[in-house]
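Below is one structure, written out as structure tokens, with a few remarks after it.
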Amino acid sequence: VSYRLRGDPSRALLEIDAVEKPWGPRFLRFDLGLAASTEGETPFVLRADYLHHRINSAGGEIQGAAQLGRTTLLEASLYQPIDVRHEWFVEPAIHLQRSLEDVYIDGDTVARLDLRQAYGELDFGRTFGRSVELRLGLRGGTARTEPDIAVPGLIATSNEAQNVWTAKAIYDTRNTPLLPTRGWLARIDYLRSEKGLGSHNNYERLDGLVQTAMPYKHDVVILALAGGTSFNTDLP
């Protein structure tokens, strides 16, 4: 930043020249999550999130996450605006995940499956102001399961192709995506799997979420309502 005085000394005009940095700040955040169940289990999650703002003059951002625990994952994405006003963008991403999923019959746990997923994704979207975002995308990858604890006769599944169209609508006024203290989040996620894309089967899924965070004395209260439908199709 530089400045100078111009004009009549008695009524000088201050000019300030501020040059925007070609790079942005980097953030690394760690989180630890613990849970307890009525069955005596205490699963944990240790997570690290990385965000690098403005990696180029067009305002690109690199986002990444690594997580250990009952759900282990590794993901990375590049958010890249493609116009001067930063309203339109593309975002390629990769995602690797391994998780333990319980299978229930009449409310009782009968098996635990080791679910492994790997996929890439490409989104194209537009932002409206600072709170609204619409996306269309294509996701392609594979998934497989192996019994971790199971009844006799339950076998593993081979790699199944999961190639889907995706659409997302997001309204977000939270002060931070992780552990917010105020604001609202509303989002709708839709995906459509088609054998014509190389998927193992055809299905549709729609998920919705509304969440708000509000301060209460020295604490924060987070309320959420979620739901979805498969449109009478068979989900994998």
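Ordering of the structure tokens sets the chain letters (A, B, ...), residue numbers begin anew at 1 in every chain, and ligands are numbered from 1 in the order given.
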(request) Write out as number ranges by chain each polymer residue whose atoms come within 12 Å of region 95-97 of chain A, counting only C-alpha atoms; drop sequence neighbours fewer than 3 positions from it. (result) A: 63-77, 92, 100, 114-122, 139-145
(message) When you look at Ile16 (chain A) with a cut-off of 10 Å (counting only C-alpha atoms), what residues show up, excluding the ones that are within fewer than 5 positions of it in the same chain? I need them as a list in words.
(response) Val1, Ser2, Tyr3, Arg4 and Leu5 of chain A
(request) Within region 8-227 of chain A, find each residue whose DSSP state, derived from the backbone, is strand (DSSP E or B), and express the selection as number ranges by chain. (result) A: 13-17, 26-34, 44-52, 61-69, 71-81, 88-105, 108-128, 132-149, 160-172, 183-193, 203-216, 219-227
Closest contacts (region 153-185 of chain A/region 200-216 of chain A, max 9 Å, only C-alpha atoms) as JSON lines:
{"residue": "A:Glu160", "atom": "CA", "partner": "A:His200", "partner_atom": "CA", "distance": 5.9}
{"residue": "A:Ala161", "atom": "CA", "partner": "A:His200", "partner_atom": "CA", "distance": 5.4}
{"residue": "A:Gln162", "atom": "CA", "partner": "A:His200", "partner_atom": "CA", "distance": 6.5}
{"residue": "A:Asn163", "atom": "CA", "partner": "A:His200", "partner_atom": "CA", "distance": 8.4}
{"residue": "A:Arg174", "atom": "CA", "partner": "A:Ala213", "partner_atom": "CA", "distance": 7.7}
{"residue": "A:Leu179", "atom": "CA", "partner": "A:Ala213", "partner_atom": "CA", "distance": 8.8}
{"residue": "A:Pro180", "atom": "CA", "partner": "A:Ala213", "partner_atom": "CA", "distance": 6.3}
{"residue": "A:Thr181", "atom": "CA", "partner": "A:Ala213", "partner_atom": "CA", "distance": 5.5}
{"residue": "A:Arg182", "atom": "CA", "partner": "A:Ala213", "partner_atom": "CA", "distance": 4.5}
{"residue": "A:Gly183", "atom": "CA", "partner": "A:Ala213", "partner_atom": "CA", "distance": 5.6}
{"residue": "A:Trp184", "atom": "CA", "partner": "A:Thr212", "partner_atom": "CA", "distance": 4.4}
{"residue": "A:Leu185", "atom": "CA", "partner": "A:Gln211", "partner_atom": "CA", "distance": 5.1}
Only C-alpha atoms, please: the residues just picked out, written as a short mmCIF file (atom, residue, chain, number, x, y, z; two decimals), in the first residue's frame.
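In the end it all went to part-v9.cif:
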data_model
loop_
_atom_site.label_atom_id
_atom_site.label_comp_id
_atom_site.auth_asym_id
_atom_site.auth_seq_id
_atom_site.Cartn_x
_atom_site.Cartn_y
_atom_site.Cartn_z
CA GLU A 160 -20.22 -51.49 -8.63
CA ALA A 161 -20.12 -48.50 -10.97
CA GLN A 162 -21.94 -45.46 -9.60
CA ASN A 163 -22.23 -42.78 -12.28
CA ARG A 174 -23.91 -19.19 8.62
CA LEU A 179 -19.26 -25.21 14.18
CA PRO A 180 -21.34 -22.11 13.31
CA THR A 181 -22.65 -19.84 16.07
CA ARG A 182 -25.39 -18.14 14.05
CA GLY A 183 -27.14 -18.28 10.69
CA TRP A 184 -29.21 -20.64 8.53
CA LEU A 185 -28.42 -23.45 6.11
#
(request) Rounded to one decimal place, report the CA of Gln80 (chain A)-CA of Ile62 (chain A) distance in Å. (result) 8.7 Å
(message) So, with only C-alpha atoms as the atoms that count, which of A:Gly33, A:Pro177, A:Gly60, A:Pro81 lies closest to Leu46 (chain A)?
(response)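 Ranking A:Gly33, A:Pro177, A:Gly60, A:Pro81 by distance to Leu46 (chain A), first place goes to A:Gly33.
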(request) Please identify all polymer residues within 12 Å of Asp83 (chain A), counting only C-alpha atoms, omitting same-chain residues fewer than 4 positions from it, and present them as a ChimeraX atom specification. (result) /A:57-60,87-90,125-127
Next, dump the selected residues to file, keeping only N, CA and C atoms, as a PDB file, in the first residue's frame.
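Here's the written file part27.pdb:
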ATOM      1  N   SER A  57      -5.184 -15.413 -10.068  1.00  0.00           N
ATOM      2  CA  SER A  57      -5.791 -14.098 -10.223  1.00  0.00           C
ATOM      3  C   SER A  57      -7.291 -14.166 -10.480  1.00  0.00           C
ATOM      4  N   ALA A  58      -7.801 -15.343 -10.859  1.00  0.00           N
ATOM      5  CA  ALA A  58      -9.233 -15.510 -11.108  1.00  0.00           C
ATOM      6  C   ALA A  58     -10.006 -15.894  -9.846  1.00  0.00           C
ATOM      7  N   GLY A  59      -9.329 -16.010  -8.710  1.00  0.00           N
ATOM      8  CA  GLY A  59     -10.015 -16.280  -7.444  1.00  0.00           C
ATOM      9  C   GLY A  59     -10.227 -17.744  -7.133  1.00  0.00           C
ATOM     10  N   GLY A  60      -9.392 -18.634  -7.675  1.00  0.00           N
ATOM     11  CA  GLY A  60      -9.541 -20.051  -7.399  1.00  0.00           C
ATOM     12  C   GLY A  60      -9.233 -20.404  -5.954  1.00  0.00           C
ATOM     13  N   GLU A  87     -19.335 -15.023 -10.527  1.00  0.00           N
ATOM     14  CA  GLU A  87     -20.669 -15.581 -10.333  1.00  0.00           C
ATOM     15  C   GLU A  87     -20.759 -17.014 -10.865  1.00  0.00           C
ATOM     16  N   TRP A  88     -20.129 -17.294 -12.002  1.00  0.00           N
ATOM     17  CA  TRP A  88     -20.119 -18.635 -12.572  1.00  0.00           C
ATOM     18  C   TRP A  88     -18.827 -19.351 -12.188  1.00  0.00           C
ATOM     19  N   PHE A  89     -18.918 -20.654 -11.983  1.00  0.00           N
ATOM     20  CA  PHE A  89     -17.729 -21.392 -11.538  1.00  0.00           C
ATOM     21  C   PHE A  89     -17.803 -22.843 -11.982  1.00  0.00           C
ATOM     22  N   VAL A  90     -16.649 -23.497 -11.947  1.00  0.00           N
ATOM     23  CA  VAL A  90     -16.554 -24.955 -12.088  1.00  0.00           C
ATOM     24  C   VAL A  90     -15.794 -25.477 -10.872  1.00  0.00           C
ATOM     25  N   GLY A 125     -21.692 -24.308 -11.825  1.00  0.00           N
ATOM     26  CA  GLY A 125     -22.728 -23.620 -11.066  1.00  0.00           C
ATOM     27  C   GLY A 125     -22.638 -22.115 -11.114  1.00  0.00           C
ATOM     28  N   ARG A 126     -23.575 -21.496 -10.355  1.00  0.00           N
ATOM     29  CA  ARG A 126     -23.659 -20.043 -10.281  1.00  0.00           C
ATOM     30  C   ARG A 126     -24.024 -19.633  -8.869  1.00  0.00           C
ATOM     31  N   THR A 127     -23.412 -18.553  -8.425  1.00  0.00           N
ATOM     32  CA  THR A 127     -23.742 -17.974  -7.129  1.00  0.00           C
ATOM     33  C   THR A 127     -24.639 -16.755  -7.327  1.00  0.00           C
TER      34      THR A 127
END
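From CA of Asp123 (chain A) back to CA of His86 (chain A), the distance works out to 15.1 Å.
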(request) Go through region 9-233 of chain A and collect every residue that DSSP, computed from the backbone, puts in helix (DSSP H, G or I); the answer should be as a list in words. (result) Pro9, Ser10, Arg11, Lys195, Gly196 and Leu197 of chain A
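Between CA of Tyr190 (chain A) and CA of Lys168 (chain A) lies a distance of 6.4 Å.
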